[in-house]
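Raw coords09.cif, mmCIF, C-alpha atoms:
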```cif
data_query
#
loop_
_atom_site.label_atom_id
_atom_site.label_comp_id
_atom_site.auth_asym_id
_atom_site.auth_seq_id
_atom_site.Cartn_x
_atom_site.Cartn_y
_atom_site.Cartn_z
CA MET Z 23 0.00 0.00 0.00
CA SER Z 24 1.38 3.44 -0.93
CA ARG Z 25 1.98 6.03 1.80
CA SER Z 26 -0.77 8.27 0.36
CA ALA Z 27 -3.26 5.37 0.34
CA ASP Z 28 -2.19 4.47 3.87
CA TYR Z 29 -2.85 8.03 5.07
CA THR Z 30 -6.23 8.05 3.29
CA ILE Z 31 -7.32 4.86 5.07
CA GLN Z 32 -5.98 6.22 8.35
CA GLY Z 33 -8.11 9.33 7.82
CA PHE Z 34 -11.22 7.20 7.40
CA LEU Z 35 -10.31 5.10 10.44
CA TYR Z 36 -9.85 8.28 12.46
CA GLN Z 37 -13.37 9.33 11.43
CA PHE Z 38 -14.78 5.88 12.27
CA ASN Z 39 -13.04 5.99 15.67
CA GLN Z 40 -14.42 9.46 16.34
CA THR Z 41 -17.87 8.16 15.38
CA LEU Z 42 -17.43 5.26 17.82
CA SER Z 43 -16.38 7.76 20.49
CA GLU Z 44 -19.56 9.78 19.88
CA LEU Z 45 -21.69 6.62 20.06
CA LEU Z 46 -20.10 5.64 23.36
CA LYS Z 47 -20.77 9.09 24.82
CA ALA Z 48 -24.31 9.47 23.42
CA ALA Z 49 -27.60 8.88 25.21
CA ASP Z 50 -29.19 5.51 24.44
CA ASP Z 51 -31.89 7.04 22.23
CA ALA Z 52 -29.67 9.62 20.49
CA VAL Z 53 -29.71 9.12 16.73
CA ILE Z 54 -26.25 9.12 15.15
CA THR Z 55 -25.97 9.59 11.39
CA ILE Z 56 -22.71 8.38 9.87
CA GLU Z 57 -21.67 10.47 6.86
CA GLY Z 58 -24.53 12.95 7.27
CA ILE Z 59 -25.86 15.14 4.49
CA VAL Z 60 -23.14 17.75 5.08
CA GLU Z 61 -21.09 16.48 8.02
CA ASP Z 62 -19.12 13.30 8.79
CA ILE Z 63 -21.22 12.58 11.89
CA GLU Z 64 -24.54 13.96 13.11
CA VAL Z 65 -25.82 13.33 16.64
CA ALA Z 66 -29.50 14.18 17.05
CA THR Z 67 -31.16 14.43 20.47
CA PHE Z 68 -34.25 16.16 21.84
CA ALA Z 69 -32.09 19.21 22.59
CA GLY Z 70 -30.90 19.54 18.99
CA THR Z 71 -28.30 18.27 16.52
CA LYS Z 72 -24.52 18.18 16.81
CA ALA Z 73 -22.95 18.29 13.32
CA ILE Z 74 -19.36 17.08 13.29
CA GLN Z 75 -16.53 17.04 10.79
CA CYS Z 76 -13.34 15.07 11.38
CA LYS Z 77 -9.95 16.08 9.98
CA TYR Z 78 -6.79 14.07 10.57
CA HIS Z 79 -3.57 15.88 9.62
CA GLU Z 80 -0.73 13.74 10.90
CA THR Z 81 1.64 14.79 8.10
CA LYS Z 82 1.20 18.58 8.34
CA ASP Z 83 4.33 20.32 9.65
CA LYS Z 84 2.36 23.01 11.42
CA TYR Z 85 -1.18 24.25 11.85
CA GLY Z 86 -2.60 27.23 9.98
CA PRO Z 87 -6.26 28.33 9.81
CA SER Z 88 -6.32 27.82 6.03
CA ILE Z 89 -6.21 24.04 6.61
CA LEU Z 90 -9.74 24.30 7.99
CA TYR Z 91 -11.18 26.73 5.41
CA HIS Z 92 -13.03 24.05 3.43
CA PRO Z 93 -14.91 22.43 6.35
CA LEU Z 94 -15.59 25.89 7.83
CA LEU Z 95 -17.15 27.12 4.59
CA GLN Z 96 -19.20 23.92 4.27
CA MET Z 97 -20.56 24.40 7.78
CA MET Z 98 -21.31 28.07 7.18
CA LYS Z 99 -23.21 27.17 4.02
CA HIS Z 100 -25.37 24.71 5.97
CA PHE Z 101 -25.79 27.20 8.83
CA LYS Z 102 -26.94 29.95 6.44
CA SER Z 103 -29.88 27.80 5.29
CA ASN Z 104 -30.70 26.45 8.77
CA GLN Z 105 -30.21 29.38 11.15
CA ASP Z 106 -33.39 28.66 13.13
CA ALA Z 107 -32.59 24.96 13.58
CA LYS Z 108 -31.09 23.67 16.82
CA ILE Z 109 -27.75 22.74 15.26
CA LYS Z 110 -24.28 23.08 16.74
CA TYR Z 111 -21.28 22.67 14.47
CA HIS Z 112 -18.06 21.07 15.64
CA ILE Z 113 -14.72 20.16 14.05
CA PHE Z 114 -12.57 17.44 15.56
CA ALA Z 115 -9.06 17.80 14.15
CA HIS Z 116 -5.66 16.31 14.84
CA PHE Z 117 -2.39 18.11 14.10
CA PRO Z 118 1.15 17.13 15.14
CA GLY Z 119 2.25 18.92 18.28
CA ASN Z 120 -1.33 19.52 19.51
CA PRO Z 121 -1.44 23.24 18.66
CA ILE Z 122 -4.01 25.59 20.19
CA VAL Z 123 -6.79 26.09 17.64
CA ASP Z 124 -9.27 28.91 18.14
CA ILE Z 125 -11.35 30.01 15.15
CA THR Z 126 -12.04 33.75 15.30
CA VAL Z 127 -13.81 36.36 13.17
CA LYS Z 128 -10.41 37.07 11.61
CA ASP Z 129 -10.06 33.41 10.56
CA ILE Z 130 -13.58 33.35 9.08
CA ASN Z 131 -12.81 36.51 7.09
CA GLY Z 132 -9.62 34.83 5.94
CA ALA Z 133 -11.69 31.96 4.58
CA LEU Z 134 -14.17 34.32 2.90
CA ASN Z 135 -11.31 36.24 1.23
CA SER Z 136 -9.33 33.16 0.21
CA LYS Z 137 -7.98 33.13 -3.37
CA ASN Z 138 -8.11 29.32 -3.49
CA LYS Z 139 -9.97 28.51 -6.72
CA ASP Z 140 -11.34 25.27 -5.24
CA LEU Z 141 -13.20 27.34 -2.61
CA LYS Z 142 -14.61 29.93 -5.02
CA ASP Z 143 -18.16 28.51 -5.24
CA LEU Z 144 -18.46 27.91 -1.49
CA ILE Z 145 -17.24 31.45 -0.73
CA ALA Z 146 -19.86 32.92 -3.08
CA GLU Z 147 -22.63 30.98 -1.34
CA VAL Z 148 -21.76 32.20 2.17
CA ALA Z 149 -20.66 35.75 1.34
CA ASP Z 150 -23.25 37.45 3.57
CA VAL Z 151 -23.35 34.92 6.42
CA ASP Z 152 -23.74 36.27 9.96
CA ILE Z 153 -20.26 35.44 11.28
CA ASP Z 154 -20.92 36.31 14.93
CA LYS Z 155 -24.09 34.22 14.99
CA PHE Z 156 -22.29 31.28 13.36
CA LEU Z 157 -19.42 31.39 15.86
CA LYS Z 158 -21.92 31.11 18.73
CA VAL Z 159 -22.89 27.62 17.49
CA PHE Z 160 -19.43 26.57 16.30
CA SER Z 161 -16.55 24.97 18.20
CA VAL Z 162 -13.35 23.11 17.40
CA SER Z 163 -11.37 20.52 19.36
CA VAL Z 164 -7.84 19.28 18.83
CA THR Z 165 -8.06 15.54 19.33
CA PRO Z 166 -5.44 12.97 20.37
CA LYS Z 167 -3.55 11.09 17.71
CA TYR Z 168 -5.20 8.03 16.21
CA ASP Z 169 -3.56 5.47 18.54
CA GLU Z 170 -4.64 7.35 21.65
CA LEU Z 171 -8.22 7.70 20.41
CA MET Z 172 -8.31 3.96 19.69
CA GLU Z 173 -7.04 3.16 23.21
CA GLU Z 174 -9.69 5.42 24.73
CA ASN Z 175 -12.40 3.57 22.77
CA TYR Z 176 -11.03 0.26 24.09
CA LYS Z 177 -11.43 1.56 27.65
CA GLN Z 178 -14.94 2.85 27.01
CA LEU Z 179 -16.06 -0.48 25.52
CA GLU Z 180 -14.80 -2.18 28.68
CA VAL Z 181 -16.77 0.31 30.82
CA PHE Z 182 -19.91 -0.72 28.93
CA GLY Z 183 -19.41 -4.37 29.84
CA PHE Z 184 -17.59 -5.81 26.84
CA THR Z 185 -15.12 -8.53 27.82
CA LYS Z 186 -11.66 -7.02 28.07
CA GLY Z 187 -9.93 -10.02 26.49
CA GLU Z 188 -12.18 -9.85 23.42
CA ILE Z 189 -12.31 -6.10 22.81
CA GLU Z 190 -9.09 -5.89 20.80
CA THR Z 191 -9.81 -8.75 18.39
CA LEU Z 192 -13.62 -9.05 18.36
CA PHE Z 193 -15.72 -6.15 19.61
CA TYR Z 194 -13.55 -3.20 18.58
CA PRO Z 195 -12.88 -4.32 14.97
CA ASN Z 196 -16.55 -5.24 14.57
CA ALA Z 197 -17.58 -1.82 15.92
CA ILE Z 198 -15.41 -0.18 13.25
CA GLN Z 199 -16.88 -2.50 10.61
CA ILE Z 200 -20.49 -1.69 11.58
CA ILE Z 201 -19.70 2.03 11.25
CA ALA Z 202 -17.89 1.51 7.94
CA ASP Z 203 -20.83 -0.50 6.54
CA LEU Z 204 -23.30 2.20 7.56
CA SER Z 205 -21.14 4.95 6.04
CA ILE Z 206 -21.51 3.58 2.49
CA LYS Z 207 -25.31 3.27 2.48
CA HIS Z 208 -26.76 5.47 -0.27
CA ASP Z 209 -29.93 6.38 1.63
CA VAL Z 210 -29.19 8.72 4.54
CA LYS Z 211 -32.00 7.05 6.52
CA MET Z 212 -30.03 3.80 6.38
CA ARG Z 213 -26.98 5.53 7.88
CA LYS Z 214 -28.75 6.29 11.15
CA ILE Z 215 -28.30 4.24 14.32
CA THR Z 216 -28.93 4.66 18.04
CA LYS Z 217 -26.44 3.74 20.73
CA LYS Z 218 -28.86 1.08 21.98
CA ASP Z 219 -29.22 -0.58 18.56
CA PHE Z 220 -25.49 -0.32 17.94
CA PHE Z 221 -24.66 -2.12 21.18
CA GLU Z 222 -27.32 -4.78 20.57
CA SER Z 223 -25.83 -5.53 17.15
CA LEU Z 224 -22.28 -5.57 18.48
CA ARG Z 225 -23.05 -7.94 21.37
CA LYS Z 226 -24.58 -10.53 19.00
CA ILE Z 227 -21.47 -10.88 16.81
CA ARG Z 228 -19.23 -13.83 17.57
CA SER Z 229 -16.84 -13.73 14.60
CA THR Z 230 -14.30 -11.05 13.77
CA ALA Z 231 -14.96 -8.95 10.67
CA ILE Z 232 -12.23 -9.24 8.03
CA SER Z 233 -12.14 -6.29 5.63
CA GLN Z 234 -9.85 -3.55 4.35
CA TRP Z 235 -10.82 -1.55 7.44
CA THR Z 236 -10.21 -4.13 10.15
CA LEU Z 237 -7.02 -5.34 8.47
CA ALA Z 238 -5.76 -1.73 8.42
CA LEU Z 239 -5.99 -1.59 12.22
CA LYS Z 240 -2.88 -1.78 14.39
CA THR Z 241 -3.99 -5.24 15.58
CA ARG Z 242 -3.99 -6.79 12.08
CA GLN Z 243 -1.88 -9.81 13.06
CA LYS Z 244 -3.97 -10.53 16.16
CA ILE Z 245 -7.19 -10.20 14.15
CA ILE Z 246 -5.99 -12.67 11.53
CA GLU Z 247 -4.91 -15.12 14.23
CA THR Z 248 -8.26 -14.80 16.02
CA ARG Z 249 -10.19 -15.38 12.78
CA ARG Z 250 -8.11 -18.51 12.13
CA GLN Z 251 -9.12 -19.89 15.52
CA GLN Z 252 -12.79 -19.03 14.93
CA LEU Z 253 -12.84 -21.00 11.66
CA LYS Z 254 -11.08 -24.06 13.08
CA GLU Z 255 -14.02 -26.12 14.36
CA ASN Z 256 -16.16 -26.13 11.22
CA LEU Z 257 -13.20 -26.55 8.88
CA ASN Z 258 -12.09 -29.61 10.84
CA ALA Z 259 -15.40 -31.38 10.17
CA ASN Z 260 -15.32 -33.91 7.31
CA ALA Z 261 -18.95 -33.75 6.20
CA ARG Z 262 -19.67 -30.02 5.71
CA LEU Z 263 -21.17 -28.66 2.50
CA ARG Z 264 -19.10 -25.59 1.62
CA HIS Z 265 -19.84 -22.97 -1.00
CA LEU Z 266 -17.10 -20.46 -1.79
CA VAL Z 267 -17.76 -17.32 -3.82
CA ILE Z 268 -14.66 -15.43 -4.89
CA PHE Z 269 -14.68 -11.78 -5.96
CA PRO Z 270 -11.38 -10.91 -7.67
CA ALA Z 271 -11.67 -7.10 -7.86
CA PHE Z 272 -9.50 -6.34 -4.81
CA LEU Z 273 -7.61 -9.62 -4.54
CA GLU Z 274 -3.89 -9.24 -5.21
CA ASN Z 275 -2.47 -11.43 -8.00
CA PHE Z 276 -5.83 -13.11 -8.59
CA ASP Z 277 -4.91 -14.73 -11.91
CA ASP Z 278 -1.61 -16.07 -10.57
CA GLN Z 279 -3.07 -17.35 -7.31
CA ILE Z 280 -6.61 -18.61 -7.98
CA VAL Z 281 -5.71 -22.07 -9.30
CA ILE Z 282 -3.15 -22.56 -6.51
CA PHE Z 283 -5.76 -21.53 -3.94
CA ILE Z 284 -8.46 -23.88 -5.24
CA LYS Z 285 -6.01 -26.81 -5.45
CA SER Z 286 -4.74 -26.07 -1.93
CA PHE Z 287 -8.31 -26.05 -0.60
CA ILE Z 288 -9.15 -29.37 -2.28
CA ASP Z 289 -5.88 -30.95 -1.10
CA LYS Z 290 -6.73 -29.89 2.46
CA TYR Z 291 -10.50 -30.33 2.72
CA HIS Z 292 -11.74 -32.61 -0.05
CA PHE Z 293 -9.26 -35.41 -0.67
CA LYS Z 294 -10.62 -38.22 1.54
CA LEU Z 295 -13.53 -40.53 0.73
CA ALA Z 296 -14.88 -39.34 4.10
CA HIS Z 297 -15.16 -35.86 2.54
CA THR Z 298 -18.62 -36.60 1.17
CA GLN Z 299 -19.87 -33.06 0.46
CA THR Z 300 -18.52 -31.75 -2.85
CA PRO Z 301 -17.71 -28.02 -2.52
CA ILE Z 302 -18.98 -25.38 -4.93
CA PHE Z 303 -16.69 -22.62 -6.12
CA ALA Z 304 -18.38 -19.60 -7.71
CA LEU Z 305 -16.14 -17.03 -9.40
CA ASP Z 306 -17.18 -13.49 -10.32
CA VAL Z 307 -15.35 -13.47 -13.66
CA PRO Z 308 -16.28 -13.33 -17.37
CA GLN Z 309 -16.94 -16.61 -19.18
CA ASP Z 310 -13.63 -16.70 -21.07
CA VAL Z 311 -11.63 -16.14 -17.85
CA PHE Z 312 -13.71 -18.80 -16.09
CA ASP Z 313 -13.10 -21.36 -18.87
CA GLY Z 314 -9.37 -20.62 -18.79
CA ILE Z 315 -9.22 -21.24 -15.04
CA ALA Z 316 -11.16 -24.51 -15.47
CA GLU Z 317 -8.63 -25.67 -18.08
CA ARG Z 318 -5.74 -24.81 -15.76
CA LEU Z 319 -7.36 -26.76 -12.91
CA ILE Z 320 -7.55 -29.84 -15.10
CA GLY Z 321 -3.88 -29.30 -15.89
CA LYS Z 322 -3.23 -29.58 -12.13
CA ASP Z 323 -5.21 -32.86 -11.95
CA ILE Z 324 -8.17 -31.09 -10.30
CA PHE Z 325 -11.30 -32.10 -12.20
CA PRO Z 326 -14.25 -29.70 -11.84
CA ASN Z 327 -17.88 -30.42 -12.65
CA LEU Z 328 -18.96 -27.46 -14.80
CA GLY Z 329 -22.54 -28.65 -15.15
CA ARG Z 330 -22.05 -28.85 -18.92
CA PRO Z 331 -22.12 -32.42 -20.26
CA VAL Z 332 -21.62 -30.91 -23.73
CA LYS Z 333 -22.48 -27.22 -24.16
CA MET Z 334 -25.66 -26.31 -22.28
CA PHE Z 335 -25.68 -26.09 -18.50
CA SER Z 336 -27.59 -28.85 -16.68
CA ASP Z 337 -28.35 -28.54 -12.98
CA ILE Z 338 -28.97 -32.32 -12.88
CA TYR Z 339 -25.47 -32.94 -14.20
CA PHE Z 340 -24.05 -30.25 -11.92
CA PHE Z 341 -25.54 -31.68 -8.72
CA ARG Z 342 -24.99 -35.37 -9.46
CA GLU Z 343 -22.62 -37.24 -7.17
CA PRO Z 344 -19.19 -38.09 -8.53
CA MET Z 345 -18.42 -41.67 -9.53
CA VAL Z 346 -15.59 -43.20 -7.50
CA GLN Z 347 -13.13 -45.64 -9.00
CA LYS Z 348 -10.18 -47.03 -7.06
CA ASP Z 349 -10.43 -44.36 -4.39
CA LYS Z 350 -10.41 -41.58 -7.00
CA LYS Z 351 -13.39 -39.30 -7.48
CA GLU Z 352 -14.62 -38.40 -10.94
CA PHE Z 353 -14.66 -34.72 -9.91
CA VAL Z 354 -13.70 -32.93 -6.70
CA LEU Z 355 -15.55 -29.63 -6.97
CA ARG Z 356 -18.51 -28.01 -8.64
CA PHE Z 357 -17.36 -24.98 -10.59
CA ILE Z 358 -19.63 -22.14 -11.70
CA ARG Z 359 -19.64 -18.44 -12.49
CA TRP Z 360 -21.10 -16.16 -9.82
CA ASP Z 361 -23.73 -14.78 -12.24
CA ASP Z 362 -24.95 -18.34 -12.85
CA TYR Z 363 -24.74 -19.37 -9.19
CA LYS Z 364 -27.16 -16.59 -8.21
CA ASN Z 365 -29.84 -18.21 -10.39
CA LEU Z 366 -29.02 -21.78 -9.39
CA PRO Z 367 -31.94 -23.80 -7.94
CA LEU Z 368 -30.14 -25.10 -4.84
CA LYS Z 369 -31.51 -28.42 -3.63
CA THR Z 370 -29.55 -28.22 -0.39
CA LYS Z 371 -28.25 -25.10 1.34
CA ALA Z 372 -24.59 -24.89 2.23
CA ASP Z 373 -23.41 -25.52 5.77
CA ASP Z 374 -20.73 -22.86 5.27
CA PHE Z 375 -20.85 -20.01 2.76
CA PHE Z 376 -17.47 -18.34 2.33
CA VAL Z 377 -17.22 -14.91 0.72
CA ILE Z 378 -13.65 -14.24 -0.35
CA GLY Z 379 -12.79 -10.73 -1.48
CA HIS Z 380 -15.27 -7.88 -1.61
CA GLY Z 381 -18.62 -8.34 -3.39
CA ASP Z 382 -22.37 -7.99 -3.06
CA ILE Z 383 -24.25 -11.07 -1.81
CA THR Z 384 -27.42 -9.17 -0.90
CA ASN Z 385 -29.72 -11.42 -2.93
CA VAL Z 386 -28.28 -14.71 -1.68
CA ASP Z 387 -30.41 -16.58 0.84
CA VAL Z 388 -28.06 -17.25 3.76
CA LYS Z 389 -30.74 -17.96 6.38
CA ASP Z 390 -29.69 -21.00 8.43
CA VAL Z 391 -26.26 -20.90 6.75
CA ASN Z 392 -22.95 -20.25 8.48
CA LEU Z 393 -21.74 -17.12 6.65
CA GLU Z 394 -17.98 -16.48 6.70
CA ILE Z 395 -16.81 -13.25 5.06
CA LEU Z 396 -13.06 -12.99 4.45
CA GLY Z 397 -12.55 -9.59 2.86
CA ALA Z 398 -8.76 -9.78 2.83
CA GLU Z 399 -6.75 -8.75 -0.22
CA LYS Z 400 -4.01 -11.38 -0.05
CA PHE Z 401 -4.47 -15.09 -0.75
CA ASP Z 402 -1.68 -15.92 1.70
CA GLU Z 403 -3.70 -14.37 4.54
CA ILE Z 404 -6.90 -16.09 3.38
CA LYS Z 405 -5.17 -19.47 3.24
CA TYR Z 406 -3.76 -18.93 6.71
CA MET Z 407 -7.14 -18.01 8.20
CA MET Z 408 -8.70 -21.05 6.52
CA ARG Z 409 -5.91 -23.24 7.92
CA ILE Z 410 -4.77 -24.26 4.45
CA SER Z 411 -1.29 -23.02 5.32
CA ASN Z 412 0.55 -22.38 8.57
CA ALA Z 413 2.19 -19.09 7.64
CA TYR Z 414 1.51 -15.94 5.64
#
```
Output the file's structure in the form of structure tokens.
Amino acid sequence: MSRSADYTIQGFLYQFNQTLSELLKAADDAVITIEGIVEDIEVATFAGTKAIQCKYHETKDKYGPSILYHPLLQMMKHFKSNQDAKIKYHIFAHFPGNPIVDITVKDINGALNSKNKDLKDLIAEVADVDIDKFLKVFSVSVTPKYDELMEENYKQLEVFGFTKGEIETLFYPNAIQIIADLSIKHDVKMRKITKKDFFESLRKIRSTAISQWTLALKTRQKIIETRRQQLKENLNANARLRHLVIFPAFLENFDDQIVIFIKSFIDKYHFKLAHTQTPIFALDVPQDVFDGIAERLIGKDIFPNLGRPVKMFSDIYFFREPMVQKDKKEFVLRFIRWDDYKNLPLKTKADDFFVIGHGDITNVDVKDVNLEILGAEKFDEIKYMMRISNAY
């Protein structure tokens, strides 16, 4: 990951951590909106709304008011149209050295007179804003660095009764994941949550979320190790029907690794006669890429059932049991494209449904199915979590 990408993700994680901090401090029935219409976080209570923006500037050499011109102008624009609403505006910002930040009339005038072309439209929209009135509902706080904020959230989760030994690798990463998932909902109504509902959701989760967000946390290695332990029991069972859907978009070296991964899985979990449940692999790839991977599997002595006795797909052929001759199975996996899998008339639901990579499974019926989402980007980490390998 490049340094710029790393700082971008850290900025989002700072915002998610600040959101978690607001949730932990809120009243049970306060409504928190993640990624509000204008602000990063909105906390609505009977007394009014707290509109928050989060800015993380770990790489800035020194603080200057111009760094905050854009969020200030955005807030003033919203204030201008909502002056009679009970809204207070707040910026949480981190700068190296923890400078004293106090936004004054002089700073606001500096923003309004800025020559920055990117701010031109915003400046025009707030030209006649009542600065004194805005400053009465505006405040700014210099926050601790990311690591300190994370540690404070650990402590607060413990105060609310979450088991100390599980906070670091279960409850905290899942809290961040819940917030991240809410932040990308298109409908603002779907990005709202109360502290009570948030805690209820968090307490029900018993497996650690694996995604670009949780794997970007400082506890990445511990999270991967914990997920490996969580998967152990079901993966050790011989007779489990496993469906694996693989989304290649964010998987590193997908073309180089996919055949090796499938063969490694079969060699580990479907090589005995006692392994009676033939796994299904569904790949989100075009037909020509899918056919090429199937050919390469055959070249590795891994024979897939494509459900095509000749040319047309047949679900009867696809779901038939493999013939066994001299301890060798006719085929060792059912192989299908994701677009076709979604329309497949499943006769039996999977025991375990693995989602590898990042993709949309909204329309898949996973009721009564053990859903395991492994949103890692590296096959080595996925193989380690699935106990296919002992190192990554």
Quick one: apply the PyMOL selection byres ((chain Z and resi 134) around 8) to the file and drop the selected residues here as a list in words.
-> Leu95, Ile130, Asn131, Gly132, Ala133, Asn135, Ser136, Ile145, Val148 and Ala149 of chain Z
Residues in the PyMOL selection byres ((chain Z and resi 300) around 6), expressed as a PyMOL selection string | chain Z and resi 299+301+355
Which one of Z:Asn275, Z:Thr384, Z:Gln309, Z:Ser103 sits closest to Phe401 (chain Z) if you count only C-alpha atoms?
-> Z:Asn275
For the file shown, what are the residues hit by the PyMOL selection byres ((chain Z and resi 327) around 7), laid out as an mmCIF file with C-alpha atoms, keeping the file's coordinate frame?
```
data_model
loop_
_atom_site.group_PDB
_atom_site.id
_atom_site.type_symbol
_atom_site.label_atom_id
_atom_site.label_comp_id
_atom_site.auth_asym_id
_atom_site.auth_seq_id
_atom_site.Cartn_x
_atom_site.Cartn_y
_atom_site.Cartn_z
ATOM 1 C CA PHE Z 325 -11.300 -32.100 -12.200
ATOM 2 C CA PRO Z 326 -14.250 -29.700 -11.840
ATOM 3 C CA LEU Z 328 -18.960 -27.460 -14.800
ATOM 4 C CA GLY Z 329 -22.540 -28.650 -15.150
ATOM 5 C CA PHE Z 340 -24.050 -30.250 -11.920
ATOM 6 C CA PHE Z 353 -14.660 -34.720 -9.910
ATOM 7 C CA LEU Z 355 -15.550 -29.630 -6.970
ATOM 8 C CA ARG Z 356 -18.510 -28.010 -8.640
ATOM 9 C CA PHE Z 357 -17.360 -24.980 -10.590
#
```
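Using all atoms listed in the file, the nearest neighbour of Pro195 (chain Z) within the list Z:Thr236, Z:Thr241, Z:Ser411, Z:Asn256 is Z:Thr236.
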Students should find that CA of Ile215 (chain Z) and CA of Ile54 (chain Z) are spaced 5.4 Å
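Candidate residues Z:Phe269, Z:Pro118, Z:Arg264, Z:Ala52 were compared for distance to Phe287 (chain Z), and the nearest is Z:Arg264, using all atoms listed in the file.
Remark: for Glu57 (chain Z), the closest of the candidate residues Z:Lys333, Z:Lys177, Z:His208, Z:Lys158 is Z:His208 (distances computed over only C-alpha atoms).
Going from CA of Ala73 (chain Z) to CA of Val53 (chain Z) covers 11.9 Å.
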Take every atom of region 92-109 of chain Z listed in the file, pad by 4 Å on each side, and give me the axis-aligned box centre and edge lengths in Å, one decimal, as JSON.
```
{"center_x": -23.2, "center_y": 26.2, "center_z": 10.1, "size_x": 28.4, "size_y": 15.5, "size_z": 21.4}
```
One decimal place gives the CA of Asp62 (chain Z)-CA of Gln75 (chain Z) separation as 5.0 Å
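With all atoms listed in the file as the basis for measurement, Z:Ile410 is the residue among Z:Leu239, Z:Val391, Z:Val311, Z:Ile410 that approaches His292 (chain Z) most closely.
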Within 12 Å of (-0.1, -15.2, 0.6), in the coordinates the file gives, what residues turn up when you count all atoms listed in the file, written out as a PyMOL selection string?
-> chain Z and resi 273-276+278-280+282-283+398-408+410-414
Exercise: Asp277 (chain Z) partners within 9 Å, all atoms listed in the file, chain neighbours under 4 positions left out, as a list in words = Pro270, Val281 and Ile315 of chain Z
Polymer residues at most 12 Å from (-13.6, -8.4, 8.5) by all atoms listed in the file, as a count of residues only = 42
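Every protein, DNA or RNA residue with an atom at most 10 Å from Lys294 (chain Z), where only C-alpha atoms count and chain neighbours fewer than 2 positions away do not, is listed here: Asn260, Ile288, Asp289, Lys290, Tyr291, His292, Ala296, His297, Thr298, Asp349, Lys350 and Lys351 of chain Z.
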Filtering to C-alpha atoms, could you give me those residues as a PDB file, in the coordinates of the input?
```
ATOM      1  CA  ASN Z 260     -15.320 -33.910   7.310  1.00  0.00           C
ATOM      2  CA  ILE Z 288      -9.150 -29.370  -2.280  1.00  0.00           C
ATOM      3  CA  ASP Z 289      -5.880 -30.950  -1.100  1.00  0.00           C
ATOM      4  CA  LYS Z 290      -6.730 -29.890   2.460  1.00  0.00           C
ATOM      5  CA  TYR Z 291     -10.500 -30.330   2.720  1.00  0.00           C
ATOM      6  CA  HIS Z 292     -11.740 -32.610  -0.050  1.00  0.00           C
ATOM      7  CA  ALA Z 296     -14.880 -39.340   4.100  1.00  0.00           C
ATOM      8  CA  HIS Z 297     -15.160 -35.860   2.540  1.00  0.00           C
ATOM      9  CA  THR Z 298     -18.620 -36.600   1.170  1.00  0.00           C
ATOM     10  CA  ASP Z 349     -10.430 -44.360  -4.390  1.00  0.00           C
ATOM     11  CA  LYS Z 350     -10.410 -41.580  -7.000  1.00  0.00           C
ATOM     12  CA  LYS Z 351     -13.390 -39.300  -7.480  1.00  0.00           C
TER      13      LYS Z 351
END
```
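Nearest to Ile63 (chain Z) of all the residues Z:Val388, Z:Val151, Z:Val162, Z:Ile201 is Z:Ile201, based on only C-alpha atoms.
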